[in-house]
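One file, query09.tsv, is given below (TSV, C-alpha atoms).
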chain	number	residue	atom	x	y	z
R	320	MET	CA	31.68	2.76	-3.13
R	321	ASN	CA	31.89	-0.61	-1.40
R	322	TYR	CA	32.16	-2.85	-4.46
R	323	LYS	CA	32.88	-6.54	-4.02
R	324	ILE	CA	35.83	-7.60	-6.19
R	325	TYR	CA	37.33	-11.08	-6.55
R	326	LEU	CA	40.95	-11.47	-7.67
R	327	LEU	CA	42.38	-14.68	-9.13
R	328	GLU	CA	46.17	-14.41	-9.54
R	329	ASP	CA	48.58	-17.29	-8.90
R	330	GLU	CA	51.73	-15.18	-8.35
R	331	GLU	CA	51.60	-14.80	-4.59
R	332	ASN	CA	53.58	-11.55	-4.35
R	333	LEU	CA	51.59	-9.88	-7.11
R	334	ASN	CA	48.36	-11.17	-5.58
R	335	THR	CA	49.26	-9.58	-2.24
R	336	ILE	CA	50.25	-6.26	-3.83
R	337	LEU	CA	47.13	-6.00	-5.99
R	338	LYS	CA	44.86	-6.96	-3.09
R	339	SER	CA	46.42	-4.22	-0.97
R	340	TYR	CA	45.92	-1.57	-3.67
R	341	LEU	CA	42.32	-2.63	-4.28
R	342	GLU	CA	41.48	-2.57	-0.57
R	343	LYS	CA	42.83	0.98	-0.28
R	344	GLU	CA	39.94	2.04	-2.52
R	345	GLY	CA	37.52	0.88	0.17
R	346	TRP	CA	36.45	-2.15	-1.86
R	347	GLU	CA	35.74	-5.58	-0.41
R	348	ILE	CA	38.38	-7.90	-1.85
R	349	LYS	CA	38.61	-11.69	-1.84
R	350	SER	CA	41.74	-13.09	-3.49
R	351	PHE	CA	42.64	-16.57	-4.72
R	352	LEU	CA	45.83	-18.26	-5.89
R	353	LYS	CA	44.12	-21.23	-7.58
R	354	GLY	CA	41.15	-21.51	-9.87
R	355	PHE	CA	39.83	-24.53	-8.00
R	356	ASP	CA	39.47	-22.48	-4.82
R	357	ALA	CA	37.91	-19.52	-6.65
R	358	GLU	CA	35.31	-21.67	-8.45
R	359	LYS	CA	33.49	-22.22	-5.17
R	360	TYR	CA	32.71	-18.50	-5.01
R	361	ILE	CA	31.37	-17.85	-8.50
R	362	GLU	CA	27.82	-17.93	-7.17
R	363	ASP	CA	28.67	-15.06	-4.79
R	364	LYS	CA	28.25	-12.86	-7.88
R	365	PRO	CA	30.87	-10.21	-7.07
R	366	ASP	CA	30.71	-6.84	-8.80
R	367	LEU	CA	33.96	-7.58	-10.69
R	368	TRP	CA	36.33	-10.48	-11.35
R	369	ILE	CA	40.02	-9.83	-12.08
R	370	LEU	CA	41.49	-12.97	-13.67
R	371	ASP	CA	44.95	-14.11	-14.64
R	372	ILE	CA	44.82	-16.15	-17.84
R	373	MET	CA	47.72	-18.47	-16.97
R	374	LEU	CA	46.92	-20.47	-13.84
R	375	PRO	CA	48.41	-23.68	-12.39
R	376	ASP	CA	45.20	-25.71	-12.31
R	377	THR	CA	43.06	-24.11	-15.05
R	378	ASP	CA	43.19	-21.06	-17.29
R	379	GLY	CA	41.33	-17.77	-17.37
R	380	PHE	CA	39.49	-18.67	-20.55
R	381	GLU	CA	37.95	-21.73	-18.93
R	382	PHE	CA	37.22	-19.78	-15.77
R	383	ILE	CA	35.44	-16.93	-17.54
R	384	LYS	CA	33.17	-19.49	-19.22
R	385	LYS	CA	32.01	-20.62	-15.79
R	386	ILE	CA	31.47	-17.04	-14.64
R	387	LYS	CA	29.48	-16.11	-17.73
R	388	ASN	CA	27.47	-19.34	-17.63
R	389	PHE	CA	26.32	-18.40	-14.13
R	390	ASP	CA	25.76	-14.69	-14.83
R	391	ASN	CA	26.59	-13.21	-18.20
R	392	THR	CA	26.45	-9.64	-16.85
R	393	THR	CA	29.38	-9.96	-14.41
R	394	PRO	CA	32.28	-7.78	-15.62
R	395	VAL	CA	35.76	-9.29	-15.96
R	396	ILE	CA	39.25	-7.85	-16.35
R	397	PHE	CA	41.91	-10.21	-17.71
R	398	ILE	CA	45.56	-9.86	-16.69
R	399	SER	CA	48.28	-11.89	-18.38
R	400	ALA	CA	52.02	-12.14	-19.05
R	401	ARG	CA	51.12	-13.09	-22.63
R	402	ASP	CA	50.85	-9.87	-24.59
R	403	THR	CA	49.45	-11.40	-27.74
R	404	GLN	CA	46.73	-10.00	-29.94
R	405	ILE	CA	44.99	-13.37	-30.12
R	406	ASP	CA	44.63	-13.50	-26.32
R	407	ARG	CA	43.07	-10.06	-26.32
R	408	VAL	CA	40.65	-10.97	-29.10
R	409	VAL	CA	39.70	-14.32	-27.55
R	410	GLY	CA	39.26	-12.71	-24.15
R	411	LEU	CA	36.96	-10.01	-25.50
R	412	ASP	CA	35.04	-12.56	-27.52
R	413	MET	CA	34.47	-14.63	-24.38
R	414	GLY	CA	33.10	-11.65	-22.49
R	415	SER	CA	36.03	-9.93	-20.80
R	416	ASP	CA	35.68	-6.17	-20.51
R	417	ASP	CA	39.35	-5.22	-20.35
R	418	TYR	CA	42.83	-6.73	-20.69
R	419	LEU	CA	46.08	-5.77	-18.96
R	420	SER	CA	49.45	-7.15	-20.00
R	421	LYS	CA	52.11	-7.83	-17.37
R	422	PRO	CA	54.10	-6.08	-16.15
R	423	PHE	CA	51.81	-3.22	-15.27
R	424	MET	CA	51.63	-0.67	-12.46
R	425	PRO	CA	49.00	-1.56	-9.82
R	426	ARG	CA	47.63	1.96	-10.14
R	427	GLU	CA	46.75	1.27	-13.77
R	428	LEU	CA	44.61	-1.67	-12.68
R	429	ILE	CA	42.85	0.56	-10.13
R	430	ILE	CA	42.08	3.17	-12.80
R	431	ARG	CA	40.76	0.57	-15.23
R	432	ALA	CA	38.70	-1.10	-12.51
R	433	LYS	CA	37.17	2.25	-11.49
R	434	ASN	CA	36.34	3.14	-15.08
R	435	LEU	CA	34.76	-0.26	-15.69
R	436	LEU	CA	32.73	-0.22	-12.46
R	437	ASN	CA	31.45	3.27	-13.21
R	438	ARG	CA	30.57	2.26	-16.75
R	439	VAL	CA	28.75	-0.93	-15.71
R	440	TYR	CA	27.01	0.25	-12.57
R	441	GLY	CA	27.00	4.02	-12.83
R	442	HIS	CA	25.40	5.26	-9.63
R	443	SER	CA	23.20	2.19	-9.18
R	444	LEU	CA	25.01	1.13	-6.01
R	445	VAL	CA	25.28	4.60	-4.48
R	446	ASP	CA	21.83	4.41	-2.97
R	447	LYS	CA	21.90	0.74	-2.07
R	448	ILE	CA	20.52	-0.01	1.40
R	449	ILE	CA	23.21	-1.37	3.70
R	450	ASP	CA	22.24	-4.48	5.64
R	451	LEU	CA	24.38	-5.44	8.66
R	452	GLY	CA	21.99	-7.83	10.34
R	453	ASN	CA	20.14	-5.82	12.99
R	454	ILE	CA	21.32	-2.60	11.35
R	455	LYS	CA	19.71	-1.26	8.15
R	456	ILE	CA	20.90	2.01	6.60
R	457	ASP	CA	19.04	3.83	3.82
R	458	PRO	CA	21.37	6.51	2.37
R	459	LEU	CA	18.64	8.07	0.22
R	460	LYS	CA	16.29	8.69	3.14
R	461	ARG	CA	19.23	9.10	5.56
R	462	ILE	CA	17.58	6.66	7.94
R	463	ILE	CA	19.17	4.05	10.19
R	464	ILE	CA	17.13	1.23	11.71
R	465	ASP	CA	18.46	-0.72	14.70
R	466	SER	CA	16.47	-3.88	15.46
R	467	GLY	CA	13.40	-2.44	13.79
R	468	VAL	CA	13.63	0.94	15.54
R	469	GLU	CA	14.52	4.13	13.68
R	470	ILE	CA	17.38	5.96	15.40
R	471	GLU	CA	17.49	9.75	15.40
R	472	LEU	CA	20.95	10.98	14.44
R	473	THR	CA	22.55	14.32	13.71
R	474	SER	CA	23.88	14.89	10.19
R	475	LYS	CA	27.50	14.18	11.19
R	476	GLU	CA	26.46	11.09	13.16
R	477	PHE	CA	24.65	9.67	10.15
R	478	ASP	CA	27.56	10.49	7.84
R	479	MET	CA	29.94	8.62	10.14
R	480	VAL	CA	27.66	5.58	10.47
R	481	TYR	CA	27.14	5.45	6.73
R	482	TYR	CA	30.82	5.82	5.85
R	483	LEU	CA	32.02	3.16	8.31
R	484	SER	CA	29.17	0.77	7.48
R	485	LYS	CA	29.50	0.92	3.70
R	486	ASN	CA	33.17	0.10	4.23
R	487	ALA	CA	32.51	-2.50	6.94
R	488	GLY	CA	35.61	-4.51	7.81
R	489	ASN	CA	38.02	-1.77	6.75
R	490	ALA	CA	39.94	0.26	9.32
R	491	PHE	CA	40.21	4.05	9.11
R	492	SER	CA	42.50	6.43	10.94
R	493	ARG	CA	41.11	9.41	12.81
R	494	GLU	CA	42.70	11.69	10.22
R	495	LYS	CA	40.95	9.86	7.38
R	496	LEU	CA	37.60	10.07	9.17
R	497	LEU	CA	38.13	13.78	9.80
R	498	ASP	CA	38.71	14.34	6.08
R	499	GLU	CA	35.70	12.26	5.04
R	500	ILE	CA	33.15	13.55	7.59
R	501	TRP	CA	34.30	17.08	8.42
R	502	GLY	CA	36.17	17.85	5.18
R	503	LYS	CA	39.80	18.54	4.40
R	504	ASP	CA	39.42	22.20	5.40
R	505	TYR	CA	38.54	21.35	9.00
R	506	PHE	CA	41.02	22.71	11.53
R	507	GLY	CA	40.72	21.23	14.97
R	508	SER	CA	41.49	18.26	17.16
R	509	ASP	CA	40.89	14.74	15.86
R	510	ARG	CA	39.28	14.06	19.24
R	511	VAL	CA	35.98	15.19	17.73
R	512	VAL	CA	36.04	11.78	16.03
R	513	ASP	CA	36.25	10.03	19.42
R	514	ASP	CA	33.44	12.16	20.82
R	515	LEU	CA	31.17	11.36	17.88
R	516	ILE	CA	31.96	7.62	18.10
R	517	ARG	CA	31.08	7.66	21.82
R	518	ARG	CA	27.69	9.19	21.03
R	519	LEU	CA	27.05	6.66	18.27
R	520	ARG	CA	27.83	3.71	20.54
R	521	LYS	CA	25.15	4.94	22.96
R	522	LYS	CA	22.57	5.57	20.24
R	523	VAL	CA	23.16	2.67	17.82
R	524	ILE	CA	23.68	-0.17	20.27
R	525	ASN	CA	23.88	-3.04	17.79
R	526	LEU	CA	26.42	-1.38	15.49
R	527	ASN	CA	29.76	-2.96	16.32
R	528	ILE	CA	32.23	-0.06	16.13
R	529	GLU	CA	35.67	-1.41	17.01
R	530	SER	CA	38.49	0.77	18.35
R	531	ILE	CA	41.95	0.23	16.89
R	532	TYR	CA	44.38	1.37	19.55
R	533	GLY	CA	46.51	4.31	18.49
R	534	TYR	CA	44.92	4.43	15.04
R	535	GLY	CA	41.18	4.75	14.60
R	536	TYR	CA	38.00	2.75	14.07
R	537	ARG	CA	36.17	0.21	11.96
R	538	VAL	CA	32.70	-1.31	11.84
R	539	SER	CA	32.65	-5.08	12.07
R	540	LYS	CA	30.69	-7.00	9.42
R	541	SER	CA	29.24	-9.34	12.00
Whole structure, structure tokens version:
Amino acid sequence: MNYKIYLLEDEENLNTILKSYLEKEGWEIKSFLKGFDAEKYIEDKPDLWILDIMLPDTDGFEFIKKIKNFDNTTPVIFISARDTQIDRVVGLDMGSDDYLSKPFMPRELIIRAKNLLNRVYGHSLVDKIIDLGNIKIDPLKRIIIDSGVEIELTSKEFDMVYYLSKNAGNAFSREKLLDEIWGKDYFGSDRVVDDLIRRLRKKVINLNIESIYGYGYRVSKS
């Protein structure tokens, strides 16, 4: 699921680590070190905010007020080095959905984020139409439109377009694409991935499928 998640954490090393873990889930991540920079993106309305309470230029409590004032339904996870009951209570009272005390394992944040996203959105985003400019993909109808024209694709071709497009901007190895499109039980050369990509480039002209030398492929967002 290509959720959009914004991370506000002022510890640069931790920010980098958490961003990396979150991106491995196929999510679109934007990270910030300062509240002032993050404030400009509140109106983007991401699917989830992950906020540190203790920040150099503001604090998480003030920041969550601004988020909730813009859209009270946006879920928030607080992270903090202060493991105090009052912080937890205040955070929940202000609208946070979860609270993690530092230090914590990045995997725990992933699990909590997944549980929260599933609880809030359920399957509401599963069938969301993907819009990449000239390219429109309807996963329910299994239709792809390129510049207003419906493109006829095989089942595997559609699965590949859909998987790469819903994770636009993320790079995937041939092995990963084999597992996702053909299944983990497939035994054969990963060159079937290259063959399928070649066919897609001829059929879906305006889909920008980029080759990553020696690794795999990604679909560009632009």
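What separates atom CA of R:Gly345 from atom CA of R:Ile448 is a distance of 17.1 Å.
If all atoms listed in the file are the atoms counted, then among R:Thr377, R:Asn434, R:Glu342, R:Ile336 the closest residue to R:Asp356 is R:Thr377.
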For this session: Quick one: everything within 10 Å of stretch 495-512 of chain R, counting only C-alpha atoms, minus sequence neighbours fewer than 6 positions away in the same chain. Send it as a PyMOL selection string.
Result: chain R and resi 474-479+482-483+535-536
Exercise. Do you know which residues lie at most 12 Å from (29.9, 6.5, 21.5), with coordinates as in the file and all atoms listed in the file counted, and could you write them as a list in words?
Worked result: Glu476, Met479, Val480, Val511, Val512, Asp513, Asp514, Leu515, Ile516, Arg517, Arg518, Leu519, Arg520, Lys521, Lys522, Val523, Ile524, Asn525, Leu526, Asn527, Ile528, Glu529, Ser530 and Tyr536 of chain R
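The interatomic distance for the pair atom CA of R:Ala487 and atom CA of R:Ile396 works out to 24.8 Å.
Closest approach to R:Pro422 among R:Ile372, R:Leu333, R:Val538, R:Ile348 is made by R:Leu333 (distances from all atoms listed in the file).
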Exercise. Can you list, as a ChimeraX atom specification, every protein, DNA or RNA residue that comes within 12 Å of R:Ile456 when you count all atoms listed in the file, leaving out same-chain residues fewer than 3 positions away?
Worked result: /R:446-453,459-470,472,477-485,523,526
Skip R:Leu337 itself and residues of its chain fewer than 2 positions away, then list as a compact mmCIF listing (two decimals) with C-alpha atoms, in the frame of the given file all residues within 12 Å of it, counting only C-alpha atoms.
# COMPACT_ATOMS: atom_id res chain seq x y z
CA ILE R 324 35.83 -7.60 -6.19
CA TYR R 325 37.33 -11.08 -6.55
CA LEU R 326 40.95 -11.47 -7.67
CA LEU R 327 42.38 -14.68 -9.13
CA GLU R 328 46.17 -14.41 -9.54
CA ASP R 329 48.58 -17.29 -8.90
CA GLU R 330 51.73 -15.18 -8.35
CA GLU R 331 51.60 -14.80 -4.59
CA ASN R 332 53.58 -11.55 -4.35
CA LEU R 333 51.59 -9.88 -7.11
CA ASN R 334 48.36 -11.17 -5.58
CA THR R 335 49.26 -9.58 -2.24
CA SER R 339 46.42 -4.22 -0.97
CA TYR R 340 45.92 -1.57 -3.67
CA LEU R 341 42.32 -2.63 -4.28
CA GLU R 342 41.48 -2.57 -0.57
CA LYS R 343 42.83 0.98 -0.28
CA GLU R 344 39.94 2.04 -2.52
CA ILE R 348 38.38 -7.90 -1.85
CA LYS R 349 38.61 -11.69 -1.84
CA SER R 350 41.74 -13.09 -3.49
CA PHE R 351 42.64 -16.57 -4.72
CA ILE R 369 40.02 -9.83 -12.08
CA LEU R 370 41.49 -12.97 -13.67
CA ILE R 398 45.56 -9.86 -16.69
CA PHE R 423 51.81 -3.22 -15.27
CA MET R 424 51.63 -0.67 -12.46
CA PRO R 425 49.00 -1.56 -9.82
CA ARG R 426 47.63 1.96 -10.14
CA GLU R 427 46.75 1.27 -13.77
CA LEU R 428 44.61 -1.67 -12.68
CA ILE R 429 42.85 0.56 -10.13
CA ALA R 432 38.70 -1.10 -12.51
Where atoms are absent from stretch 429-440 of chain R, fill them in so it carries all heavy atoms, then output it as a short mmCIF file (atom, residue, chain, number, x, y, z; two decimals), keeping the file's coordinate frame.
data_model
loop_
_atom_site.label_atom_id
_atom_site.label_comp_id
_atom_site.auth_asym_id
_atom_site.auth_seq_id
_atom_site.Cartn_x
_atom_site.Cartn_y
_atom_site.Cartn_z
N ILE R 429 43.85 -0.17 -10.91
CA ILE R 429 42.85 0.56 -10.13
C ILE R 429 42.05 1.49 -11.04
O ILE R 429 40.82 1.55 -10.98
CB ILE R 429 43.51 1.38 -9.00
CG1 ILE R 429 44.23 0.46 -8.01
CG2 ILE R 429 42.48 2.24 -8.29
CD1 ILE R 429 43.34 -0.53 -7.33
N ILE R 430 42.75 2.23 -11.89
CA ILE R 430 42.08 3.17 -12.80
C ILE R 430 41.14 2.44 -13.74
O ILE R 430 40.00 2.85 -13.95
CB ILE R 430 43.12 3.98 -13.59
CG1 ILE R 430 43.89 4.92 -12.64
CG2 ILE R 430 42.45 4.79 -14.70
CD1 ILE R 430 45.10 5.56 -13.26
N ARG R 431 41.61 1.34 -14.30
CA ARG R 431 40.76 0.57 -15.23
C ARG R 431 39.57 -0.03 -14.50
O ARG R 431 38.46 -0.07 -15.05
CB ARG R 431 41.59 -0.51 -15.91
CG ARG R 431 42.62 0.04 -16.89
CD ARG R 431 43.28 -1.09 -17.63
NE ARG R 431 44.31 -0.60 -18.53
CZ ARG R 431 44.42 -0.95 -19.80
NH1 ARG R 431 43.52 -1.77 -20.34
NH2 ARG R 431 45.40 -0.50 -20.55
N ALA R 432 39.80 -0.52 -13.29
CA ALA R 432 38.70 -1.10 -12.51
C ALA R 432 37.65 -0.03 -12.19
O ALA R 432 36.44 -0.27 -12.32
CB ALA R 432 39.23 -1.73 -11.23
N LYS R 433 38.10 1.16 -11.78
CA LYS R 433 37.17 2.25 -11.49
C LYS R 433 36.35 2.62 -12.72
O LYS R 433 35.13 2.79 -12.64
CB LYS R 433 37.95 3.47 -11.00
CG LYS R 433 38.36 3.44 -9.55
CD LYS R 433 39.04 4.74 -9.17
CE LYS R 433 39.38 4.78 -7.70
NZ LYS R 433 40.06 6.05 -7.33
N ASN R 434 37.03 2.76 -13.85
CA ASN R 434 36.34 3.14 -15.08
C ASN R 434 35.30 2.08 -15.47
O ASN R 434 34.18 2.41 -15.89
CB ASN R 434 37.33 3.34 -16.22
CG ASN R 434 38.17 4.58 -16.04
OD1 ASN R 434 37.80 5.49 -15.31
ND2 ASN R 434 39.32 4.64 -16.69
N LEU R 435 35.68 0.82 -15.32
CA LEU R 435 34.76 -0.26 -15.69
C LEU R 435 33.57 -0.31 -14.74
O LEU R 435 32.42 -0.43 -15.18
CB LEU R 435 35.51 -1.60 -15.67
CG LEU R 435 34.68 -2.85 -15.95
CD1 LEU R 435 33.95 -2.75 -17.29
CD2 LEU R 435 35.58 -4.10 -15.93
N LEU R 436 33.82 -0.19 -13.44
CA LEU R 436 32.73 -0.22 -12.46
C LEU R 436 31.77 0.93 -12.67
O LEU R 436 30.55 0.76 -12.59
CB LEU R 436 33.31 -0.19 -11.05
CG LEU R 436 34.05 -1.46 -10.60
CD1 LEU R 436 34.86 -1.18 -9.35
CD2 LEU R 436 33.08 -2.60 -10.36
N ASN R 437 32.31 2.12 -12.95
CA ASN R 437 31.45 3.27 -13.21
C ASN R 437 30.63 3.07 -14.48
O ASN R 437 29.46 3.45 -14.55
CB ASN R 437 32.29 4.55 -13.33
CG ASN R 437 32.82 5.01 -11.99
OD1 ASN R 437 32.24 4.71 -10.96
ND2 ASN R 437 33.92 5.73 -12.00
N ARG R 438 31.27 2.47 -15.47
CA ARG R 438 30.57 2.26 -16.75
C ARG R 438 29.45 1.23 -16.59
O ARG R 438 28.36 1.39 -17.14
CB ARG R 438 31.57 1.80 -17.81
CG ARG R 438 30.97 1.72 -19.22
CD ARG R 438 32.05 1.54 -20.26
NE ARG R 438 32.61 0.21 -20.29
CZ ARG R 438 33.87 -0.08 -19.99
NH1 ARG R 438 34.70 0.88 -19.60
NH2 ARG R 438 34.32 -1.32 -20.05
N VAL R 439 29.73 0.17 -15.85
CA VAL R 439 28.75 -0.93 -15.71
C VAL R 439 27.63 -0.56 -14.75
O VAL R 439 26.46 -0.79 -15.03
CB VAL R 439 29.45 -2.22 -15.24
CG1 VAL R 439 28.43 -3.30 -14.90
CG2 VAL R 439 30.40 -2.72 -16.32
N TYR R 440 28.00 0.03 -13.62
CA TYR R 440 27.01 0.25 -12.57
C TYR R 440 26.55 1.69 -12.46
O TYR R 440 25.51 1.96 -11.87
CB TYR R 440 27.57 -0.21 -11.22
CG TYR R 440 27.93 -1.68 -11.21
CD1 TYR R 440 29.26 -2.08 -11.22
CD2 TYR R 440 26.95 -2.66 -11.19
CE1 TYR R 440 29.60 -3.43 -11.22
CE2 TYR R 440 27.27 -4.00 -11.18
CZ TYR R 440 28.61 -4.39 -11.20
OH TYR R 440 28.94 -5.70 -11.20
#
